[in-house]
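Student: I'd like to ask you about the structure that follows.
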Amino acid sequence: MAGGKRYYITTPIYYVNDNPHIGHAYTSLACDVLARFKRLDGYEVKFLTGTDEHGQKVEKSARAAGMEPRAFTDKVSRNFHELAKFMNFSFDDFIRTTEERHRHACQGLWRRLMEREQIYLGTYAGWYAVRDEAFYGESELIDGPGGGKIAPSGAEVEWLEEPSYFFRLSAWQEPLLRFFADHPDFILPASRRNEVISFVKGGLHDLSVSRASFQWGIPVPGDADHIIYVWLDALTNYITAIGFPDTGSDEYAAFWPADLHMVGKDILRFHAVYWPAFLMAADLQPPKRVFAHGWWTNEGEKISKSLGNVIDPYHLVDKYGLDQVRYFLLREVPFGNDGDFSHPAMVNRLNGELANDFGNLAQRVLSMIAKNCGGAVPPPGTLAGDDETLLAEVHGLLEKTRKNMDVQAFHEVLATIWAVIRACNVYTDRQAPWKLKKEDPERMATVLYVLAEAIRNLAILTLPFMPRSMDRMLDQLAVARDRRAFAFLGPGHALVPVTALPKPEGVFPRLVVEGQGP
Ligand code: ME8
């Protein structure tokens with residue numbers, strides 16, 4: 001693979017115990033926006049997603065559905081794949097842990113750990129939560145509603161006693177703390193980083209990494225009585241997809257260490273403690289960053305099947321439109337924080353920010369051009385101070401956006417772009433091009449040109465968030481497909497006067513709120 005900028009980004013691989021909901025779509029959406037952003041910024045991107053198919057939880061769900069695990073996982077994995085397509089996620093690879101390439105990689109990692117004496121055989125006697133697929137120490141358990149003990153996540157625990165292989169996690173406490181100190185941006189947001197550091201400082205115990213009481217998993221090499229613990233199996237997916245155990249391949253060299261593992265806060269410990277420890281113990285590099293985002297609730301309640309309040313992404317998109325949902329999810333909540341989903345908040349943002357601020361701006365400008373400039377890009381005269389000020393704001397956006405994207409501050413990216421969209425609206429009102437038609441048609445052409453050029457830049461920058469709608473906006477400005485990238489932002493690639501434009505049409509319709517009329 002030739003030199004150049006590369007970016008490797010991954011979603012968690014989702015358990016196929018149940019159908020996907022808005023929480024899964026959210027994590028993958030964040031990755032999709034980053035992947036698209038980096039591609040538009042000239043990077044060669046690998047965007048990986050997929051499904052986590054082994055372990056007791058999935059096996060139990062298959063049995064409950066009256067199916068063999070293999071057939072069950074095929075079916076549910078397909079649902080995740082279909083949702084990713086439906087949400088217009090631009091993944092480059094969809095991995096399933098039941099694939100042969102993954103068995104090969106996972107057993108390869110196990111062998112490397114064995115060769116380095118990082119794994120030994122013992123007996124596990126302790127608590128296990130199938131829902132979390134996690135082991136818990138007695139002191140971690142909390143009082144449950146029924147008087148019994150439960151995991152801090154709220155999951156039920158069961159006592160487990162079985163022969164098990166252990167990973168020497170305790171030996172990695174100091175190296176992990178050093179690694180965190182040397183890489184202050186490894187865990188974001190910073191509040192989560194502190195949580196992880198205090199967990200590690202609290203002391204690490206060796207980790208059980210095999211199970212012997214059921215079969216649905218990848219066999220431990222050389223000991224068919226054991227299967228590999230589902231988290232060791234699952235985390236390995238990130239290197240399976242780039243050809244591990246062949247660490248000498250071009251793809252491995254190009255994409256490892258990964259730039260970003262995006263996860264929810266529930267699974268940060270697995271990614272920020274166990275995973276780098278496994279990798280360091282195997283003489284492999286840890287990833288560059290793990291970002292743990294927050295949790296969505298639904299109108300104040302935890303989203304759960306038993307409460308019957310699971311938000312179905314298909315319904316949401318049907319009601320509001322795909323790009324509208326994509327916009328809302330990343331705009332509504334500062335990325336990293338928990339967020340509460342509500343329909344009124346959705347309607348407010350879509351009407352206020354998409355239909356009014358941006359949609360109306362484009363619609364106004366394009367229809368004035370269609371009506372008053374013969375349906376072609378108006379030729380600008382000399383630019384006045386106001387024109388230059390506005391365009392300078394527009395052209396300054398790329399640098400700001402890059403900075404915010406690099407710390408996964410999606411809400412800041414959108415807020416910054418929208419501040420300029422609002423500045424365009426203020427400029428439009430102040431210049432009043434509709435009044436200039438008779439008084440000064442040349443000035444009108446300049447104002448409309450400045451606005452059209454601003455919209456071109458804004459639409460290109462917003463492509464990662466709302467690819468289809470922004471493509472439609474750029475179609476209306478007759479911007480060629482191969483000029484929709486960040487290399488074409490700025491004055492050097494501005495709209496060419498008198499280029500014919502297609503008939504304008506609205507991109508973001510206003511939502512009619514039930515009971516309030518149009
Ligand atoms: O944990 N709000 O899979 P999983 C925000 N297989 N995000 C949510 C969410 C919510 N209410 N609900 C789910 C697993 N998520 C493992 C991962 S990776 C090697 C193995 C998202 O199906 C969030 O990203 O339980 C969370 O971390 C993930 O789904 C958990 O998915």
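Every chain in the structure tokens takes a letter, A first, then B, and so on in the order presented; its residues are numbered from 1, and the ligands are numbered from 1 following the presented order.
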Pick out the residues no farther than 6 Å from ligand 1, counting only C-alpha atoms and all ligand atoms, and list them as JSON, numbers by chain.
Tutor: {"A": [12, 13, 14, 15, 23, 24, 27, 52, 234, 235, 263, 264, 266, 267, 294, 295, 296, 297, 303]}
Student: Given only C-alpha atoms, how would the per-residue table for range 105-216 of chain A near range 406-416 of chain A read, listing every residue at most 10 Å away with its closest atom pair and distance in Å to one decimal, sorted by chain and number, as CSV?
Tutor:
residue,atom,partner,partner_atom,distance
A:Asp185,CA,A:Val407,CA,8.8
A:Leu188,CA,A:Val407,CA,7.9
A:Pro189,CA,A:Val407,CA,8.5
Student: Keeping all heavy atoms for every residue in the selection just given, could you write it to a file as a short mmCIF file (atom, residue, chain, number, x, y, z; two decimals), in the first residue's frame?
Tutor:
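Contents of again_1.cif, freshly written:
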data_model
loop_
_atom_site.label_atom_id
_atom_site.label_comp_id
_atom_site.auth_asym_id
_atom_site.auth_seq_id
_atom_site.Cartn_x
_atom_site.Cartn_y
_atom_site.Cartn_z
N ASP A 185 -4.41 11.25 25.56
CA ASP A 185 -5.66 11.23 24.78
C ASP A 185 -6.12 9.82 24.44
O ASP A 185 -6.99 9.64 23.59
CB ASP A 185 -5.47 12.00 23.46
CG ASP A 185 -5.30 13.47 23.72
OD1 ASP A 185 -5.72 13.93 24.79
OD2 ASP A 185 -4.74 14.15 22.84
N LEU A 188 -10.95 9.07 25.87
CA LEU A 188 -11.74 10.30 25.87
C LEU A 188 -13.18 9.91 26.15
O LEU A 188 -13.57 8.80 25.83
CB LEU A 188 -11.64 11.02 24.53
CG LEU A 188 -10.35 11.79 24.22
CD1 LEU A 188 -10.52 12.55 22.90
CD2 LEU A 188 -9.93 12.73 25.33
N PRO A 189 -14.01 10.77 26.71
CA PRO A 189 -13.67 12.06 27.31
C PRO A 189 -12.81 11.89 28.58
O PRO A 189 -12.74 10.81 29.15
CB PRO A 189 -15.03 12.67 27.64
CG PRO A 189 -16.07 11.69 27.28
CD PRO A 189 -15.44 10.44 26.84
#
Student: Do you have the CA of Ala419 in chain A-CA of Arg510 in chain A distance handy?
Tutor: 20.3 Å
Student: Rounded to one decimal, what separation in Å do you get between CA of Leu207 in chain A and CA of Ile9 in chain A?
Tutor: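 Result for CA of Leu207 in chain A versus CA of Ile9 in chain A: 26.9 Å, one decimal.
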Student: Can you pull out every residue within 10 Å of Asp471 in chain A, counting only C-alpha atoms, but drop anything in the same chain fewer than 4 positions away, and send it as a PyMOL selection string?
Tutor: chain A and resi 459-460+462-463+466-467+475-477+479+481+484+507
Student: Between CA of Pro175 in chain A and CA of Arg112 in chain A, what is the distance, to one decimal in Å?
Tutor: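 These two atoms are separated by 18.6 Å.
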Student: Excluding same-chain residues fewer than 5 positions from Thr499 in chain A, what lies within 9 Å of it counting only C-alpha atoms, as a PyMOL selection string?
Tutor: chain A and resi 375-378+477-478
Student: Okay, now the selection with all heavy atoms, as a PDB file, in the first residue's frame?
Tutor:
ATOM      1  N   GLY A 375     -31.459  31.452 -13.953  1.00  0.00           N
ATOM      2  CA  GLY A 375     -31.204  30.051 -13.569  1.00  0.00           C
ATOM      3  C   GLY A 375     -29.764  29.633 -13.753  1.00  0.00           C
ATOM      4  O   GLY A 375     -29.482  28.464 -14.017  1.00  0.00           O
ATOM      5  N   ALA A 376     -28.838  30.597 -13.631  1.00  0.00           N
ATOM      6  CA  ALA A 376     -27.412  30.265 -13.760  1.00  0.00           C
ATOM      7  C   ALA A 376     -26.646  30.966 -12.644  1.00  0.00           C
ATOM      8  O   ALA A 376     -27.123  31.956 -12.075  1.00  0.00           O
ATOM      9  CB  ALA A 376     -26.894  30.720 -15.121  1.00  0.00           C
ATOM     10  N   VAL A 377     -25.449  30.452 -12.320  1.00  0.00           N
ATOM     11  CA  VAL A 377     -24.632  31.065 -11.275  1.00  0.00           C
ATOM     12  C   VAL A 377     -24.405  32.537 -11.628  1.00  0.00           C
ATOM     13  O   VAL A 377     -23.901  32.844 -12.713  1.00  0.00           O
ATOM     14  CB  VAL A 377     -23.264  30.340 -11.148  1.00  0.00           C
ATOM     15  CG1 VAL A 377     -22.355  31.047 -10.148  1.00  0.00           C
ATOM     16  CG2 VAL A 377     -23.447  28.875 -10.771  1.00  0.00           C
ATOM     17  N   PRO A 378     -24.813  33.474 -10.749  1.00  0.00           N
ATOM     18  CA  PRO A 378     -24.689  34.900 -11.104  1.00  0.00           C
ATOM     19  C   PRO A 378     -23.226  35.350 -11.123  1.00  0.00           C
ATOM     20  O   PRO A 378     -22.448  34.920 -10.278  1.00  0.00           O
ATOM     21  CB  PRO A 378     -25.447  35.607  -9.975  1.00  0.00           C
ATOM     22  CG  PRO A 378     -25.551  34.629  -8.865  1.00  0.00           C
ATOM     23  CD  PRO A 378     -25.400  33.259  -9.424  1.00  0.00           C
ATOM     24  N   LEU A 477     -26.552  23.151  -7.017  1.00  0.00           N
ATOM     25  CA  LEU A 477     -25.542  24.162  -7.348  1.00  0.00           C
ATOM     26  C   LEU A 477     -24.657  23.682  -8.491  1.00  0.00           C
ATOM     27  O   LEU A 477     -23.627  24.285  -8.801  1.00  0.00           O
ATOM     28  CB  LEU A 477     -24.671  24.448  -6.112  1.00  0.00           C
ATOM     29  CG  LEU A 477     -25.335  25.276  -5.018  1.00  0.00           C
ATOM     30  CD1 LEU A 477     -24.502  25.239  -3.745  1.00  0.00           C
ATOM     31  CD2 LEU A 477     -25.540  26.723  -5.467  1.00  0.00           C
ATOM     32  N   ALA A 478     -25.054  22.544  -9.082  1.00  0.00           N
ATOM     33  CA  ALA A 478     -24.323  21.941 -10.216  1.00  0.00           C
ATOM     34  C   ALA A 478     -22.840  21.702  -9.892  1.00  0.00           C
ATOM     35  O   ALA A 478     -21.972  21.849 -10.745  1.00  0.00           O
ATOM     36  CB  ALA A 478     -24.469  22.811 -11.470  1.00  0.00           C
TER      37      ALA A 478
END
